[in-house]
file input.pdb (PDB, C-alpha atoms and all ligand atoms)
ATOM      1  CA  MET A   1      99.302  74.933 151.301  1.00  0.00           C
ATOM      2  CA  ARG A   2      99.510  71.600 149.553  1.00  0.00           C
ATOM      3  CA  ARG A   3     102.559  71.245 147.321  1.00  0.00           C
ATOM      4  CA  LYS A   4     101.518  70.469 143.756  1.00  0.00           C
ATOM      5  CA  LEU A   5     102.548  67.135 142.261  1.00  0.00           C
ATOM      6  CA  ALA A   6     103.019  65.966 138.678  1.00  0.00           C
ATOM      7  CA  ALA A   7     103.259  62.164 138.699  1.00  0.00           C
ATOM      8  CA  GLY A   8     103.959  59.912 135.717  1.00  0.00           C
ATOM      9  CA  ASN A   9     103.073  56.247 135.383  1.00  0.00           C
ATOM     10  CA  TRP A  10     105.118  54.536 132.687  1.00  0.00           C
ATOM     11  CA  LYS A  11     103.147  51.293 133.148  1.00  0.00           C
ATOM     12  CA  MET A  12     104.756  48.340 131.274  1.00  0.00           C
ATOM     13  CA  ASN A  13     106.730  50.626 128.971  1.00  0.00           C
ATOM     14  CA  GLY A  14     110.422  51.249 128.744  1.00  0.00           C
ATOM     15  CA  THR A  15     113.763  49.478 128.686  1.00  0.00           C
ATOM     16  CA  GLY A  16     117.129  51.057 129.449  1.00  0.00           C
ATOM     17  CA  ALA A  17     116.895  53.378 126.435  1.00  0.00           C
ATOM     18  CA  ALA A  18     113.902  55.142 128.019  1.00  0.00           C
ATOM     19  CA  LEU A  19     116.144  56.496 130.765  1.00  0.00           C
ATOM     20  CA  ALA A  20     117.285  59.154 128.298  1.00  0.00           C
ATOM     21  CA  GLU A  21     113.817  60.717 128.671  1.00  0.00           C
ATOM     22  CA  LEU A  22     114.159  60.675 132.443  1.00  0.00           C
ATOM     23  CA  GLU A  23     117.624  62.181 132.193  1.00  0.00           C
ATOM     24  CA  ALA A  24     116.232  65.013 130.046  1.00  0.00           C
ATOM     25  CA  LEU A  25     113.420  65.611 132.542  1.00  0.00           C
ATOM     26  CA  ALA A  26     115.806  65.640 135.513  1.00  0.00           C
ATOM     27  CA  ALA A  27     118.102  68.098 133.724  1.00  0.00           C
ATOM     28  CA  ARG A  28     115.156  70.441 133.126  1.00  0.00           C
ATOM     29  CA  TYR A  29     114.044  70.467 136.771  1.00  0.00           C
ATOM     30  CA  PRO A  30     116.935  70.700 139.220  1.00  0.00           C
ATOM     31  CA  THR A  31     114.852  72.545 141.853  1.00  0.00           C
ATOM     32  CA  PRO A  32     111.233  72.849 140.708  1.00  0.00           C
ATOM     33  CA  GLU A  33     108.512  74.603 142.727  1.00  0.00           C
ATOM     34  CA  VAL A  34     106.362  71.485 142.406  1.00  0.00           C
ATOM     35  CA  ASP A  35     106.960  67.811 143.169  1.00  0.00           C
ATOM     36  CA  ILE A  36     107.698  65.553 140.200  1.00  0.00           C
ATOM     37  CA  LEU A  37     107.423  61.773 140.431  1.00  0.00           C
ATOM     38  CA  ILE A  38     108.060  59.188 137.722  1.00  0.00           C
ATOM     39  CA  CYS A  39     107.020  55.563 138.259  1.00  0.00           C
ATOM     40  CA  PRO A  40     108.924  53.424 135.731  1.00  0.00           C
ATOM     41  CA  PRO A  41     108.696  49.630 135.457  1.00  0.00           C
ATOM     42  CA  ALA A  42     110.360  47.909 138.434  1.00  0.00           C
ATOM     43  CA  THR A  43     113.208  46.702 136.206  1.00  0.00           C
ATOM     44  CA  LEU A  44     114.297  50.335 135.700  1.00  0.00           C
ATOM     45  CA  LEU A  45     113.731  51.607 139.214  1.00  0.00           C
ATOM     46  CA  GLU A  46     117.254  51.451 140.574  1.00  0.00           C
ATOM     47  CA  ARG A  47     118.796  52.919 137.390  1.00  0.00           C
ATOM     48  CA  ALA A  48     116.036  55.551 137.322  1.00  0.00           C
ATOM     49  CA  ALA A  49     116.844  56.538 140.923  1.00  0.00           C
ATOM     50  CA  THR A  50     120.490  57.035 139.937  1.00  0.00           C
ATOM     51  CA  THR A  51     119.454  59.009 136.848  1.00  0.00           C
ATOM     52  CA  VAL A  52     117.403  61.545 138.847  1.00  0.00           C
ATOM     53  CA  GLU A  53     119.910  61.902 141.702  1.00  0.00           C
ATOM     54  CA  SER A  54     120.400  65.540 142.722  1.00  0.00           C
ATOM     55  CA  SER A  55     117.416  66.716 140.635  1.00  0.00           C
ATOM     56  CA  GLY A  56     113.876  67.666 141.628  1.00  0.00           C
ATOM     57  CA  VAL A  57     112.502  64.415 140.199  1.00  0.00           C
ATOM     58  CA  ALA A  58     111.648  61.454 142.444  1.00  0.00           C
ATOM     59  CA  VAL A  59     110.912  57.883 141.390  1.00  0.00           C
ATOM     60  CA  GLY A  60     108.303  55.402 142.554  1.00  0.00           C
ATOM     61  CA  GLY A  61     106.887  51.928 142.038  1.00  0.00           C
ATOM     62  CA  GLN A  62     103.632  50.924 140.333  1.00  0.00           C
ATOM     63  CA  ASP A  63     102.524  48.290 142.847  1.00  0.00           C
ATOM     64  CA  CYS A  64     103.814  46.423 145.894  1.00  0.00           C
ATOM     65  CA  HIS A  65     102.962  43.322 147.903  1.00  0.00           C
ATOM     66  CA  ALA A  66     101.247  43.666 151.273  1.00  0.00           C
ATOM     67  CA  GLU A  67     103.920  41.604 153.027  1.00  0.00           C
ATOM     68  CA  SER A  68     107.514  42.608 153.527  1.00  0.00           C
ATOM     69  CA  ALA A  69     109.072  39.298 152.389  1.00  0.00           C
ATOM     70  CA  GLY A  70     108.209  35.671 151.727  1.00  0.00           C
ATOM     71  CA  ALA A  71     107.089  33.062 149.212  1.00  0.00           C
ATOM     72  CA  HIS A  72     105.406  35.336 146.651  1.00  0.00           C
ATOM     73  CA  THR A  73     107.006  34.602 143.302  1.00  0.00           C
ATOM     74  CA  GLY A  74     107.185  37.599 141.013  1.00  0.00           C
ATOM     75  CA  ASP A  75     106.050  40.102 143.637  1.00  0.00           C
ATOM     76  CA  ILE A  76     107.938  43.065 145.056  1.00  0.00           C
ATOM     77  CA  SER A  77     107.661  44.388 148.606  1.00  0.00           C
ATOM     78  CA  ALA A  78     107.447  48.019 149.656  1.00  0.00           C
ATOM     79  CA  GLU A  79     110.808  47.660 151.394  1.00  0.00           C
ATOM     80  CA  MET A  80     112.359  46.471 148.142  1.00  0.00           C
ATOM     81  CA  LEU A  81     110.975  49.487 146.299  1.00  0.00           C
ATOM     82  CA  ARG A  82     112.347  51.759 148.971  1.00  0.00           C
ATOM     83  CA  ASP A  83     115.697  49.983 148.822  1.00  0.00           C
ATOM     84  CA  ALA A  84     115.785  50.514 145.034  1.00  0.00           C
ATOM     85  CA  GLY A  85     115.325  54.269 145.516  1.00  0.00           C
ATOM     86  CA  ALA A  86     111.543  54.749 145.406  1.00  0.00           C
ATOM     87  CA  SER A  87     109.841  57.336 147.577  1.00  0.00           C
ATOM     88  CA  ALA A  88     106.276  56.449 146.528  1.00  0.00           C
ATOM     89  CA  VAL A  89     104.177  53.677 145.043  1.00  0.00           C
ATOM     90  CA  ILE A  90     100.998  53.742 142.962  1.00  0.00           C
ATOM     91  CA  LEU A  91      98.375  51.403 144.440  1.00  0.00           C
ATOM     92  CA  GLY A  92      94.965  50.288 143.223  1.00  0.00           C
ATOM     93  CA  HIS A  93      95.373  51.566 139.669  1.00  0.00           C
ATOM     94  CA  SER A  94      92.287  50.516 137.724  1.00  0.00           C
ATOM     95  CA  GLU A  95      94.459  48.316 135.496  1.00  0.00           C
ATOM     96  CA  ARG A  96      95.465  46.341 138.589  1.00  0.00           C
ATOM     97  CA  ARG A  97      91.933  46.324 139.974  1.00  0.00           C
ATOM     98  CA  VAL A  98      90.698  44.917 136.633  1.00  0.00           C
ATOM     99  CA  ASP A  99      93.650  42.802 135.369  1.00  0.00           C
ATOM    100  CA  HIS A 100      94.596  41.363 138.781  1.00  0.00           C
ATOM    101  CA  GLY A 101      91.257  41.444 140.585  1.00  0.00           C
ATOM    102  CA  GLU A 102      92.581  43.714 143.324  1.00  0.00           C
ATOM    103  CA  GLN A 103      89.911  44.587 145.864  1.00  0.00           C
ATOM    104  CA  ASN A 104      89.767  47.571 148.198  1.00  0.00           C
ATOM    105  CA  GLU A 105      90.988  45.491 151.152  1.00  0.00           C
ATOM    106  CA  ASP A 106      94.016  44.276 149.162  1.00  0.00           C
ATOM    107  CA  ILE A 107      94.862  47.866 148.316  1.00  0.00           C
ATOM    108  CA  ARG A 108      94.484  48.941 151.950  1.00  0.00           C
ATOM    109  CA  ALA A 109      96.891  46.194 153.047  1.00  0.00           C
ATOM    110  CA  LYS A 110      99.395  47.235 150.391  1.00  0.00           C
ATOM    111  CA  ALA A 111      99.038  50.893 151.397  1.00  0.00           C
ATOM    112  CA  ARG A 112      99.735  49.973 155.027  1.00  0.00           C
ATOM    113  CA  ALA A 113     102.861  48.116 153.951  1.00  0.00           C
ATOM    114  CA  ALA A 114     103.960  51.048 151.802  1.00  0.00           C
ATOM    115  CA  MET A 115     103.463  53.571 154.603  1.00  0.00           C
ATOM    116  CA  ASP A 116     105.221  51.309 157.113  1.00  0.00           C
ATOM    117  CA  ALA A 117     108.178  51.138 154.713  1.00  0.00           C
ATOM    118  CA  GLY A 118     108.315  54.937 154.500  1.00  0.00           C
ATOM    119  CA  LEU A 119     106.752  55.250 151.038  1.00  0.00           C
ATOM    120  CA  GLN A 120     103.991  57.599 149.986  1.00  0.00           C
ATOM    121  CA  ALA A 121     100.969  55.604 148.802  1.00  0.00           C
ATOM    122  CA  VAL A 122      99.313  57.031 145.681  1.00  0.00           C
ATOM    123  CA  ILE A 123      95.914  55.339 145.955  1.00  0.00           C
ATOM    124  CA  CYS A 124      93.828  55.396 142.769  1.00  0.00           C
ATOM    125  CA  VAL A 125      90.035  55.579 142.745  1.00  0.00           C
ATOM    126  CA  GLY A 126      87.668  55.991 139.831  1.00  0.00           C
ATOM    127  CA  GLU A 127      84.413  54.921 138.258  1.00  0.00           C
ATOM    128  CA  SER A 128      83.691  53.002 135.045  1.00  0.00           C
ATOM    129  CA  LEU A 129      81.591  54.561 132.291  1.00  0.00           C
ATOM    130  CA  GLU A 130      78.690  52.318 133.240  1.00  0.00           C
ATOM    131  CA  GLN A 131      78.868  53.483 136.855  1.00  0.00           C
ATOM    132  CA  ARG A 132      78.997  57.141 135.788  1.00  0.00           C
ATOM    133  CA  GLU A 133      76.031  56.723 133.454  1.00  0.00           C
ATOM    134  CA  ALA A 134      74.076  55.116 136.283  1.00  0.00           C
ATOM    135  CA  ALA A 135      74.860  58.211 138.433  1.00  0.00           C
ATOM    136  CA  ASN A 136      76.845  56.049 140.860  1.00  0.00           C
ATOM    137  CA  THR A 137      80.162  57.894 140.629  1.00  0.00           C
ATOM    138  CA  LEU A 138      80.275  59.357 144.127  1.00  0.00           C
ATOM    139  CA  ASP A 139      79.038  56.137 145.768  1.00  0.00           C
ATOM    140  CA  ILE A 140      81.784  54.202 143.993  1.00  0.00           C
ATOM    141  CA  ILE A 141      84.503  56.696 144.920  1.00  0.00           C
ATOM    142  CA  GLY A 142      83.274  56.866 148.529  1.00  0.00           C
ATOM    143  CA  GLY A 143      83.340  53.063 148.798  1.00  0.00           C
ATOM    144  CA  GLN A 144      86.810  52.824 147.270  1.00  0.00           C
ATOM    145  CA  MET A 145      88.065  55.483 149.670  1.00  0.00           C
ATOM    146  CA  SER A 146      86.673  53.946 152.832  1.00  0.00           C
ATOM    147  CA  GLY A 147      87.794  50.465 151.756  1.00  0.00           C
ATOM    148  CA  SER A 148      91.294  51.184 150.513  1.00  0.00           C
ATOM    149  CA  ILE A 149      92.678  54.079 152.576  1.00  0.00           C
ATOM    150  CA  PRO A 150      94.318  52.969 155.841  1.00  0.00           C
ATOM    151  CA  ASP A 151      93.695  54.671 159.201  1.00  0.00           C
ATOM    152  CA  GLN A 152      97.368  55.627 159.562  1.00  0.00           C
ATOM    153  CA  SER A 153      97.133  58.012 156.579  1.00  0.00           C
ATOM    154  CA  THR A 154      98.480  61.554 156.786  1.00  0.00           C
ATOM    155  CA  GLY A 155      99.157  64.394 154.373  1.00  0.00           C
ATOM    156  CA  GLU A 156     102.726  63.119 154.086  1.00  0.00           C
ATOM    157  CA  ASN A 157     102.140  59.455 153.358  1.00  0.00           C
ATOM    158  CA  LEU A 158      98.888  59.511 151.344  1.00  0.00           C
ATOM    159  CA  ILE A 159      98.091  60.887 147.903  1.00  0.00           C
ATOM    160  CA  ILE A 160      94.778  60.186 146.172  1.00  0.00           C
ATOM    161  CA  ALA A 161      94.486  59.976 142.387  1.00  0.00           C
ATOM    162  CA  TYR A 162      91.001  60.329 140.931  1.00  0.00           C
ATOM    163  CA  GLU A 163      91.082  58.464 137.632  1.00  0.00           C
ATOM    164  CA  PRO A 164      87.794  57.854 135.825  1.00  0.00           C
ATOM    165  CA  ILE A 165      88.460  54.505 134.125  1.00  0.00           C
ATOM    166  CA  TRP A 166      86.818  55.637 130.905  1.00  0.00           C
ATOM    167  CA  ALA A 167      89.220  58.582 130.645  1.00  0.00           C
ATOM    168  CA  ILE A 168      92.421  56.533 130.948  1.00  0.00           C
ATOM    169  CA  GLY A 169      94.283  56.314 127.649  1.00  0.00           C
ATOM    170  CA  THR A 170      91.152  57.210 125.670  1.00  0.00           C
ATOM    171  CA  GLY A 171      91.569  60.930 125.025  1.00  0.00           C
ATOM    172  CA  LYS A 172      88.203  61.448 126.758  1.00  0.00           C
ATOM    173  CA  VAL A 173      88.184  63.800 129.734  1.00  0.00           C
ATOM    174  CA  PRO A 174      85.307  64.644 132.097  1.00  0.00           C
ATOM    175  CA  THR A 175      84.092  68.239 132.064  1.00  0.00           C
ATOM    176  CA  LEU A 176      85.801  70.585 134.489  1.00  0.00           C
ATOM    177  CA  ASP A 177      82.593  70.658 136.555  1.00  0.00           C
ATOM    178  CA  GLU A 178      82.572  66.863 136.731  1.00  0.00           C
ATOM    179  CA  ILE A 179      86.213  66.794 137.832  1.00  0.00           C
ATOM    180  CA  GLY A 180      85.548  69.507 140.419  1.00  0.00           C
ATOM    181  CA  ALA A 181      82.518  67.698 141.847  1.00  0.00           C
ATOM    182  CA  VAL A 182      84.521  64.523 142.459  1.00  0.00           C
ATOM    183  CA  HIS A 183      87.565  66.330 143.866  1.00  0.00           C
ATOM    184  CA  ASP A 184      85.383  68.372 146.244  1.00  0.00           C
ATOM    185  CA  PHE A 185      83.692  65.152 147.333  1.00  0.00           C
ATOM    186  CA  ILE A 186      87.057  63.444 147.949  1.00  0.00           C
ATOM    187  CA  ARG A 187      88.272  66.436 149.984  1.00  0.00           C
ATOM    188  CA  ALA A 188      85.077  66.447 152.086  1.00  0.00           C
ATOM    189  CA  ARG A 189      85.392  62.700 152.715  1.00  0.00           C
ATOM    190  CA  LEU A 190      89.032  63.068 153.764  1.00  0.00           C
ATOM    191  CA  GLU A 191      88.146  65.883 156.170  1.00  0.00           C
ATOM    192  CA  ARG A 192      85.237  63.924 157.614  1.00  0.00           C
ATOM    193  CA  ARG A 193      87.343  60.833 158.246  1.00  0.00           C
ATOM    194  CA  PHE A 194      90.688  62.342 159.257  1.00  0.00           C
ATOM    195  CA  GLY A 195      89.714  65.788 160.527  1.00  0.00           C
ATOM    196  CA  GLU A 196      90.340  69.121 158.848  1.00  0.00           C
ATOM    197  CA  GLY A 197      94.110  69.179 159.453  1.00  0.00           C
ATOM    198  CA  VAL A 198      94.950  65.891 157.774  1.00  0.00           C
ATOM    199  CA  GLY A 199      91.978  66.046 155.404  1.00  0.00           C
ATOM    200  CA  ARG A 200      93.133  69.341 153.952  1.00  0.00           C
ATOM    201  CA  SER A 201      96.768  68.308 153.660  1.00  0.00           C
ATOM    202  CA  VAL A 202      96.314  65.179 151.493  1.00  0.00           C
ATOM    203  CA  ARG A 203      96.977  65.871 147.824  1.00  0.00           C
ATOM    204  CA  VAL A 204      94.330  64.820 145.312  1.00  0.00           C
ATOM    205  CA  LEU A 205      95.496  64.302 141.732  1.00  0.00           C
ATOM    206  CA  TYR A 206      93.407  64.025 138.596  1.00  0.00           C
ATOM    207  CA  GLY A 207      94.340  61.307 136.080  1.00  0.00           C
ATOM    208  CA  GLY A 208      92.925  60.381 132.690  1.00  0.00           C
ATOM    209  CA  SER A 209      94.171  61.694 129.323  1.00  0.00           C
ATOM    210  CA  VAL A 210      96.012  64.691 130.799  1.00  0.00           C
ATOM    211  CA  LYS A 211      98.148  66.344 128.105  1.00  0.00           C
ATOM    212  CA  PRO A 212     100.070  69.605 127.805  1.00  0.00           C
ATOM    213  CA  SER A 213      97.077  71.057 125.923  1.00  0.00           C
ATOM    214  CA  ASN A 214      94.469  70.422 128.646  1.00  0.00           C
ATOM    215  CA  ALA A 215      96.612  70.469 131.800  1.00  0.00           C
ATOM    216  CA  ALA A 216      96.233  74.165 132.707  1.00  0.00           C
ATOM    217  CA  GLU A 217      92.435  74.136 132.678  1.00  0.00           C
ATOM    218  CA  ILE A 218      92.329  70.940 134.750  1.00  0.00           C
ATOM    219  CA  PHE A 219      94.820  72.387 137.263  1.00  0.00           C
ATOM    220  CA  GLY A 220      92.525  75.388 137.648  1.00  0.00           C
ATOM    221  CA  VAL A 221      89.752  73.197 139.108  1.00  0.00           C
ATOM    222  CA  SER A 222      89.203  73.364 142.869  1.00  0.00           C
ATOM    223  CA  ASN A 223      90.932  70.672 144.912  1.00  0.00           C
ATOM    224  CA  VAL A 224      93.029  69.457 141.968  1.00  0.00           C
ATOM    225  CA  ASP A 225      96.569  69.353 143.338  1.00  0.00           C
ATOM    226  CA  GLY A 226      98.254  67.942 140.258  1.00  0.00           C
ATOM    227  CA  ALA A 227      97.989  64.992 137.899  1.00  0.00           C
ATOM    228  CA  LEU A 228      98.753  61.322 137.504  1.00  0.00           C
ATOM    229  CA  VAL A 229      99.748  60.941 133.871  1.00  0.00           C
ATOM    230  CA  GLY A 230     100.123  57.804 131.779  1.00  0.00           C
ATOM    231  CA  GLY A 231     100.898  58.184 128.064  1.00  0.00           C
ATOM    232  CA  ALA A 232     102.084  61.789 128.208  1.00  0.00           C
ATOM    233  CA  SER A 233     104.657  60.951 130.892  1.00  0.00           C
ATOM    234  CA  LEU A 234     106.741  58.800 128.547  1.00  0.00           C
ATOM    235  CA  LYS A 235     108.373  61.701 126.695  1.00  0.00           C
ATOM    236  CA  ALA A 236     110.212  64.438 128.564  1.00  0.00           C
ATOM    237  CA  ASP A 237     108.854  67.140 126.215  1.00  0.00           C
ATOM    238  CA  ASP A 238     105.214  66.151 126.763  1.00  0.00           C
ATOM    239  CA  PHE A 239     105.563  65.705 130.506  1.00  0.00           C
ATOM    240  CA  SER A 240     107.418  69.015 130.820  1.00  0.00           C
ATOM    241  CA  GLY A 241     104.420  70.756 129.254  1.00  0.00           C
ATOM    242  CA  ILE A 242     102.295  69.359 132.073  1.00  0.00           C
ATOM    243  CA  VAL A 243     104.869  70.170 134.773  1.00  0.00           C
ATOM    244  CA  ASP A 244     105.154  73.733 133.464  1.00  0.00           C
ATOM    245  CA  ALA A 245     101.371  74.176 133.491  1.00  0.00           C
ATOM    246  CA  LEU A 246     101.406  73.113 137.144  1.00  0.00           C
ATOM    247  CA  ARG A 247     104.299  75.433 138.003  1.00  0.00           C
ATOM    248  CA  ALA A 248     102.377  78.333 136.467  1.00  0.00           C
ATOM    249  CA  MET A 249      99.379  77.852 138.795  1.00  0.00           C
TER     250      MET A 249
HETATM  251  C1  LIG B 301      96.861  56.314 133.984  1.00  0.00           C
HETATM  252  O1  LIG B 301      96.927  55.200 133.516  1.00  0.00           O
HETATM  253  O2  LIG B 301      97.061  56.477 135.201  1.00  0.00           O
HETATM  254  C2  LIG B 301      96.560  57.422 133.101  1.00  0.00           C
HETATM  255  C3  LIG B 301      96.064  58.509 133.618  1.00  0.00           C
HETATM  256  O3  LIG B 301      96.798  57.234 131.746  1.00  0.00           O
HETATM  257  P1  LIG B 301      96.641  58.327 130.574  1.00  0.00           P
HETATM  258  O4  LIG B 301      97.242  59.610 131.065  1.00  0.00           O
HETATM  259  O5  LIG B 301      97.399  57.755 129.425  1.00  0.00           O
HETATM  260  O6  LIG B 301      95.184  58.467 130.314  1.00  0.00           O
END

call {"tool": "encode", "arguments": {"input": "input.pdb", "output": "structure tokens"}}
result
Amino acid sequence: MRRKLAAGNWKMNGTGAALAELEALAARYPTPEVDILICPPATLLERAATTVESSGVAVGGQDCHAESAGAHTGDISAEMLRDAGASAVILGHSERRVDHGEQNEDIRAKARAAMDAGLQAVICVGESLEQREAANTLDIIGGQMSGSIPDQSTGENLIIAYEPIWAIGTGKVPTLDEIGAVHDFIRARLERRFGEGVGRSVRVLYGGSVKPSNAAEIFGVSNVDGALVGGASLKADDFSGIVDALRAM
């Protein structure tokens, strides 16, 4: 059985005051039946790790460099994230693919570095609206998977997040059938590449306008093992609604 995961991506939001939300979340979930991960901005990571200590909430980064150290001004290595208290890192989010021109091979190199540093890599894949309308969704996802997932992946160090770009922060959500078709495809691809054991143990999250009001129906879709949540992860009350929907599954 794959353990369910509710993951939050705070993106470039939050200064020290936002830790009150994390504190409230940690207090609500001392020993939850599901995994909970919050990825705050790097500036908050160490304080966030202290805030969630001895709760069922873990913290992660939003990106890392492919190298462990060196002349890369402004970048952060996987080892540094780990040292600051992270247990995971989001990689290949569409905002990084678009804003920073990250390609599949960059993401694969970062994922290798993350796994080597003992972090779980949450690798994001997803199609644009144009690609969906051209019926290219599965080709795009398949290409992103083969290009960005490293060979050393296992059910422990890899998590996939399917995030249709057009659903991120827009309030638009694919139909449950559309979500199911992509998640089933991702599962089949994982099994084909890594064998049934590993392929069935990797968690596949859905991301894109998940809210307390739509979480339960999305979590009922086959091969959806949880969610990667942007906007609704910023407030403990909203994110708890999503966590509770997952716990009820
Ligand atoms: C995201 O950016 O990963 C995301 C899913 O955002 P939102 O939940 O706000 O759509």

call {"tool": "atom_distance", "arguments": {"input": "input.pdb", "atom1": "atom O5 of ligand LIG 301 (chain B)", "atom2": "CA of Thr170 (chain A)"}}
result
7.3 Å

call {"tool": "closest_residue", "arguments": {"input": "input.pdb", "among": "A:Val59, A:Leu119, A:Ala7, A:Val198", "to": "ligand LIG 301 (chain B)", "atoms": "only C-alpha atoms and all ligand atoms"}}
result
A:Ala7

call {"tool": "axis_aligned_box", "arguments": {"input": "input.pdb", "around": "region 140-153 of chain A", "padding_each_side": "4 Å", "output": "JSON"}}
result
{"center_x": 89.6, "center_y": 54.2, "center_z": 151.8, "size_x": 23.6, "size_y": 15.5, "size_z": 23.6}

call {"tool": "closest_residue", "arguments": {"input": "input.pdb", "among": "A:Val173, A:Val89, A:Ala236, A:Ala109", "to": "ligand LIG 301 (chain B)", "atoms": "only C-alpha atoms and all ligand atoms"}}
result
A:Val173

call {"tool": "atom_distance", "arguments": {"input": "input.pdb", "atom1": "CA of Ile140 (chain A)", "atom2": "CA of Gly118 (chain A)"}}
result
28.5 Å

call {"tool": "closest_residue", "arguments": {"input": "input.pdb", "among": "A:Ala188, A:Ile159, A:Leu91, A:Ile168", "to": "Ala232 (chain A)", "atoms": "all atoms listed in the file"}}
result
A:Ile168

call {"tool": "closest_residue", "arguments": {"input": "input.pdb", "among": "A:Ala42, A:Ser68, A:Glu133, A:Arg2", "to": "Val224 (chain A)", "atoms": "only C-alpha atoms"}}
result
A:Arg2
